[in-house]
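*Asks:* The structure under discussion is supplied below as C-alpha cells; questions concerning it will follow.
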Amino acid sequence: MRKVLLVALSLLAVLGLLVVPVGAQQGTIVEVAQGAGMFNTLVAAVEAAGLVDALSGEGPLTVFAPTDDAFAAALEALGLSAEELLGNTELLTTVLTYHVVPGNLVIGQVASSTSLTSLQGEDIAVGVVDGSLKLNGSAGFVATNIEASNGIIHVIDAVILPPSVSGAAPAEAAPAEEMAADTLMVRVAHFSPDAPAVDIFINGERSAITGLEFPSVTDWVELPAGTYDLAVAASGSALADAVISVEDAALPAGAHITIAAVGSLAGGTLKPAVLIEDYSAIAEGNARVSVFHGIEGAPAVDVLAGGAAVITQLAYPGTLGNNDGLFTLDVPAGSYDLQVVANPDPSIVVLDLPGTELTAGMNYFVAAVGTLAEPQVVVVATEG
C-alpha cells in the first residue's frame, strides 16, 4: 500500500511546459486543436484528408488526438515521411476517422467501456495496462475532457491504427480482459460540506471505512475487480438510510478509482463522482497532478502559471456538458507561481500561489471543496 499524506494546500499545483487548455472552449474541435500548439501534424492531416468540415459540424464527436510527438513516432515505425502520409489521402482518412467516435464521451465513460466503435467503422479496444487506461493496449492519455463546441477531445500519446491497417486482430490489439491484473485500488472522498460523517457499505455490508468526515480522503483499498453495490450512509446508521447508492458499479481491474461524495444534503443534490485516475509510471523528473472541482454552485475557474492560462473553465461535474470535473497532467517537478482566477473575469483572483512546489515522482490529487462562502482545498500526495 502506498503511503498517502493528506495535507491542506491551495488549489492547483499545475503546470510547466505542456500547455493544454481544458474545459468548454470557444470553437469547434478543429479550432481548439489549431490553437493548442501541440497538434500541428494532426491539423495538417485533417486538412489534407478534407475532414475539416466533418470535424467542424454539429456533432457531437469524441476525438482521440495524438500529439505531434505521437505522430513522429508513428511515422518512424511505419517507415513513412510526413509528406508521404499527407499525400496518401485514402490511408490518411482511414487512420484519422479511426480516432473519432460518435457522441460526447468524457474519460469516465471511455474507461467504463471495453471497446468503442470508431467513425471509420472498426472497434477501438479499451483497457488498463499497469494501472493506466490505454487504447488498443498502447496509447495512453496525456490530457482528457477538453471540450469544444461540437464535442470533446482526449489527448493521447500514440497513434492508434485500425486492424485493417495494422494487420492485428482486435483481440490481439488490446483485449481488456487480458491487460489488467485481477484487483484494483479504490479510495473514498467525503466532499459534501453539510453532510455528517459517513460509513461506506460495499455489497450490502458495512466496510472498514467508517466515520469518514468532510473533507477527508481515505487511503487506497485493494479490491478484487468486478461489479459492486456501493452506498454511503450517515455514520452509525443502517444501509436502508443511505444517502447515496450506486448499484452494479463496474470497477475495472488494474485501475485506481476515487469515489467522491459531492453536492449537498440540504439541497438534495448528494451524488457520487467516480474519478478514474492515472497511476502509470511517471517519467523521471516529473510529477503528476489530478485536479478536481468539487464546489457545487461555484463558477468555472482558470489557472494561470506565470500569468499564462494553462487550464480554462475547470468546472463542477456536469455543469459544462457532461464533464466529470477532473483534469490530469504530468509536469516537470519544480516551483511554480500560480494563480486561480474566476472565469470569465480573470481580475477576480481566487488564490495567489507563488512558489508552489511539486516533487518528482509524486501523484497529487488536488480537490477544491466546500462552499462558495467557505471554499477549501485538499491535496493528497501519494508517494511511489
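By convention in this document, the chains of the C-alpha cells carry letters A, B, ... by their order, each chain's residues are numbered from 1, and ligands are numbered from 1 in the order they are shown.
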For Tyr98 in chain A, please output as a list of chain:residue names all residues within 9 Å (counting only C-alpha atoms; exclusion window: fewer than 3 positions along the same chain).

*Replies:*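 Here the qualifying residues turn out to be A:Phe64, A:Thr93, A:Thr94, A:Val95, A:Val101, A:Thr117, A:Ser118, A:Leu119, A:Gln120, A:Gly121, A:Glu122, A:Asp123, A:Ile124, A:Ile160, A:Leu161, A:Pro162.
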
*Asks:* If you count only C-alpha atoms, which residues fall within 6 Å of Asn150 in chain A, apart from same-chain ones fewer than 5 positions away, as a list in words?

*Replies:*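 Everything that qualifies: Thr28, Glu58, Gly59 and Pro60 of chain A.
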
*Asks:* I need the residues from that last selection saved to file as a short mmCIF file (atom, residue, chain, number, x, y, z; two decimals), in the first residue's frame (with C-alpha atoms), if you can.

*Replies:*
```
data_model
loop_
_atom_site.label_atom_id
_atom_site.label_comp_id
_atom_site.auth_asym_id
_atom_site.auth_seq_id
_atom_site.Cartn_x
_atom_site.Cartn_y
_atom_site.Cartn_z
CA THR A 28 -15.01 23.60 -32.87
CA GLU A 58 -22.71 19.86 -35.23
CA GLY A 59 -21.55 16.52 -33.80
CA PRO A 60 -21.16 15.67 -31.04
#
```

*Asks:* Quick one: of A:Ser237, A:Gln339, A:Ser207, A:Ser149, who's nearest to Pro354 in chain A, counting only C-alpha atoms?

*Replies:*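 Closest to Pro354 in chain A, using only C-alpha atoms: A:Gln339.
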
*Asks:* Can you build me a table of range 126-243 of chain A residues sitting at most 10 Å from range 32-56 of chain A, with the closest atom pair per residue and its distance in Å to one decimal, using only C-alpha atoms, sorted by chain and residue number, as JSON lines?

*Replies:*
```
{"residue": "A:Ile146", "atom": "CA", "partner": "A:Val32", "partner_atom": "CA", "distance": 8.8}
{"residue": "A:Glu147", "atom": "CA", "partner": "A:Val32", "partner_atom": "CA", "distance": 8.7}
{"residue": "A:Ala148", "atom": "CA", "partner": "A:Val32", "partner_atom": "CA", "distance": 6.7}
{"residue": "A:Ser149", "atom": "CA", "partner": "A:Ser56", "partner_atom": "CA", "distance": 8.9}
{"residue": "A:Asn150", "atom": "CA", "partner": "A:Ser56", "partner_atom": "CA", "distance": 7.1}
{"residue": "A:Gly151", "atom": "CA", "partner": "A:Leu55", "partner_atom": "CA", "distance": 9.1}
{"residue": "A:Ile152", "atom": "CA", "partner": "A:Val32", "partner_atom": "CA", "distance": 9.9}
{"residue": "A:Ile153", "atom": "CA", "partner": "A:Ala33", "partner_atom": "CA", "distance": 8.7}
{"residue": "A:Val155", "atom": "CA", "partner": "A:Phe39", "partner_atom": "CA", "distance": 9.4}
```

*Asks:* For Gly263 in chain A, find every residue with an atom within 12 Å (counting only C-alpha atoms), except residues of its own chain fewer than 4 positions away, and show them as a list in words.

*Replies:*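 The contact residues come out as His190, Phe191, Ser192, Pro193, Asp194, Ala195, Phe214, Val243, Ile244, Gly267, Gly268, Thr269, Leu270, Lys271, Pro272, Ala273, His293, Gly294, Ile295, Glu296, Gly297, Ala298, Tyr316, Pro317, Gly318, Val369, Gly370 and Thr371 of chain A.
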
*Asks:* Could you take the residues named above and write them with C-alpha atoms, as a JSON list (two decimals), in the first residue's frame?

*Replies:*
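What landed in selection.json:
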```json
[["chain", "number", "residue", "atom", "x", "y", "z"],
["A", 190, "HIS", "CA", -16.12, 12.96, 1.59],
["A", 191, "PHE", "CA", -16.57, 16.26, -0.26],
["A", 192, "SER", "CA", -20.13, 17.20, 0.78],
["A", 193, "PRO", "CA", -19.74, 20.16, 3.16],
["A", 194, "ASP", "CA", -23.04, 19.82, 5.03],
["A", 195, "ALA", "CA", -23.17, 16.03, 5.28],
["A", 214, "PHE", "CA", -15.64, 16.22, 5.47],
["A", 243, "VAL", "CA", -27.99, 8.96, 1.19],
["A", 244, "ILE", "CA", -26.05, 7.76, -1.85],
["A", 267, "GLY", "CA", -30.13, 20.80, -1.47],
["A", 268, "GLY", "CA", -30.86, 17.14, -2.10],
["A", 269, "THR", "CA", -28.01, 17.06, -4.60],
["A", 270, "LEU", "CA", -25.73, 14.46, -2.98],
["A", 271, "LYS", "CA", -24.23, 12.22, -5.64],
["A", 272, "PRO", "CA", -21.12, 10.17, -6.31],
["A", 273, "ALA", "CA", -18.37, 11.37, -8.62],
["A", 293, "HIS", "CA", -13.54, 20.92, -8.99],
["A", 294, "GLY", "CA", -15.88, 19.84, -6.19],
["A", 295, "ILE", "CA", -17.58, 23.09, -5.12],
["A", 296, "GLU", "CA", -21.27, 22.94, -6.01],
["A", 297, "GLY", "CA", -22.59, 26.23, -7.37],
["A", 298, "ALA", "CA", -19.14, 27.67, -7.92],
["A", 316, "TYR", "CA", -18.04, 21.29, -11.21],
["A", 317, "PRO", "CA", -19.10, 17.86, -12.58],
["A", 318, "GLY", "CA", -21.91, 18.06, -15.12],
["A", 369, "VAL", "CA", -14.23, 21.61, -1.98],
["A", 370, "GLY", "CA", -16.57, 23.34, 0.46],
["A", 371, "THR", "CA", -18.90, 26.17, -0.49]]
```

*Asks:* Between A:Ala261, A:Asp241, A:Ser113, A:Pro163, which is the closest to Val217 in chain A once you count only C-alpha atoms?

*Replies:* A:Ala261

*Asks:* In Å to one decimal, how far is CA of Ala287 in chain A from CA of Tyr364 in chain A?

*Replies:* 7.7 Å

*Asks:* Take CA of Tyr279 in chain A and CA of Gly254 in chain A and report the distance between them in Å, one decimal.

*Replies:*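 Interatomic distance, CA of Tyr279 in chain A to CA of Gly254 in chain A: 9.4 Å.
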
*Asks:* What does the structure give for the distance between CA of Gly306 in chain A and CA of Leu338 in chain A, in Å to one decimal?

*Replies:*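 Separation between CA of Gly306 in chain A and CA of Leu338 in chain A: 6.5 Å.
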
*Asks:* Go through range 62-216 of chain A and collect every residue that DSSP, computed from the backbone, puts in helix (DSSP H, G or I); the answer should be as a PyMOL selection string.

*Replies:* chain A and resi 68-78+82-87+89-98+107-111+163-166+170-173+176-179

*Asks:* Got time to write the residues from that selection, C-alpha atoms, as a CSV table (one decimal), in the first residue's frame?

*Replies:*
```csv
chain,number,residue,atom,x,y,z
A,68,ASP,CA,3.0,15.8,-32.7
A,69,ASP,CA,5.4,13.5,-30.9
A,70,ALA,CA,3.0,10.7,-31.2
A,71,PHE,CA,2.8,11.2,-35.0
A,72,ALA,CA,6.6,11.4,-35.3
A,73,ALA,CA,6.9,8.1,-33.5
A,74,ALA,CA,4.2,6.5,-35.7
A,75,LEU,CA,5.8,7.8,-38.9
A,76,GLU,CA,9.1,6.3,-37.9
A,77,ALA,CA,7.5,3.0,-37.0
A,78,LEU,CA,5.7,2.9,-40.4
A,82,ALA,CA,5.1,13.2,-43.1
A,83,GLU,CA,4.9,14.2,-46.8
A,84,GLU,CA,4.2,10.6,-47.8
A,85,LEU,CA,1.5,10.2,-45.2
A,86,LEU,CA,-0.2,13.5,-46.1
A,87,GLY,CA,-0.1,12.5,-49.8
A,89,THR,CA,-5.5,10.5,-48.8
A,90,GLU,CA,-7.0,7.1,-48.5
A,91,LEU,CA,-4.7,5.9,-45.7
A,92,LEU,CA,-4.9,9.3,-44.0
A,93,THR,CA,-8.7,9.2,-43.9
A,94,THR,CA,-8.8,5.7,-42.6
A,95,VAL,CA,-6.4,6.4,-39.8
A,96,LEU,CA,-7.9,9.8,-38.8
A,97,THR,CA,-11.5,8.6,-38.7
A,98,TYR,CA,-10.4,5.7,-36.6
A,107,ILE,CA,-13.0,9.9,-19.8
A,108,GLY,CA,-15.1,8.1,-17.2
A,109,GLN,CA,-17.4,6.9,-20.0
A,110,VAL,CA,-14.4,5.8,-22.1
A,111,ALA,CA,-12.9,3.9,-19.1
A,163,PRO,CA,-6.8,-3.7,-37.6
A,164,SER,CA,-7.2,-3.4,-41.3
A,165,VAL,CA,-4.1,-1.2,-41.4
A,166,SER,CA,-2.0,-2.7,-38.6
A,170,PRO,CA,-8.9,-6.5,-32.4
A,171,ALA,CA,-8.4,-9.2,-29.7
A,172,GLU,CA,-4.7,-9.1,-30.3
A,173,ALA,CA,-4.6,-5.3,-30.3
A,176,ALA,CA,-9.1,-5.5,-22.0
A,177,GLU,CA,-9.7,-8.8,-20.1
A,178,GLU,CA,-6.0,-9.8,-20.6
A,179,MET,CA,-4.4,-6.4,-20.0
```

*Asks:* Pick out the closest residue to Val142 in chain A from this set: A:Asn343, A:Thr67, A:Gln313, A:Thr258. Count only C-alpha atoms.

*Replies:*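 Under the stated criterion, the closest residue is A:Thr67.
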
*Asks:* When DSSP works through the backbone of this structure, what residues of range 131-257 of chain A end up as strand (DSSP E or B), shown as a VMD selection string?

*Replies:* chain A and resid 132 to 135 139 to 148 151 to 156 183 to 190 198 to 202 205 to 206 212 217 221 to 224 226 to 234 244 to 251 256 to 257
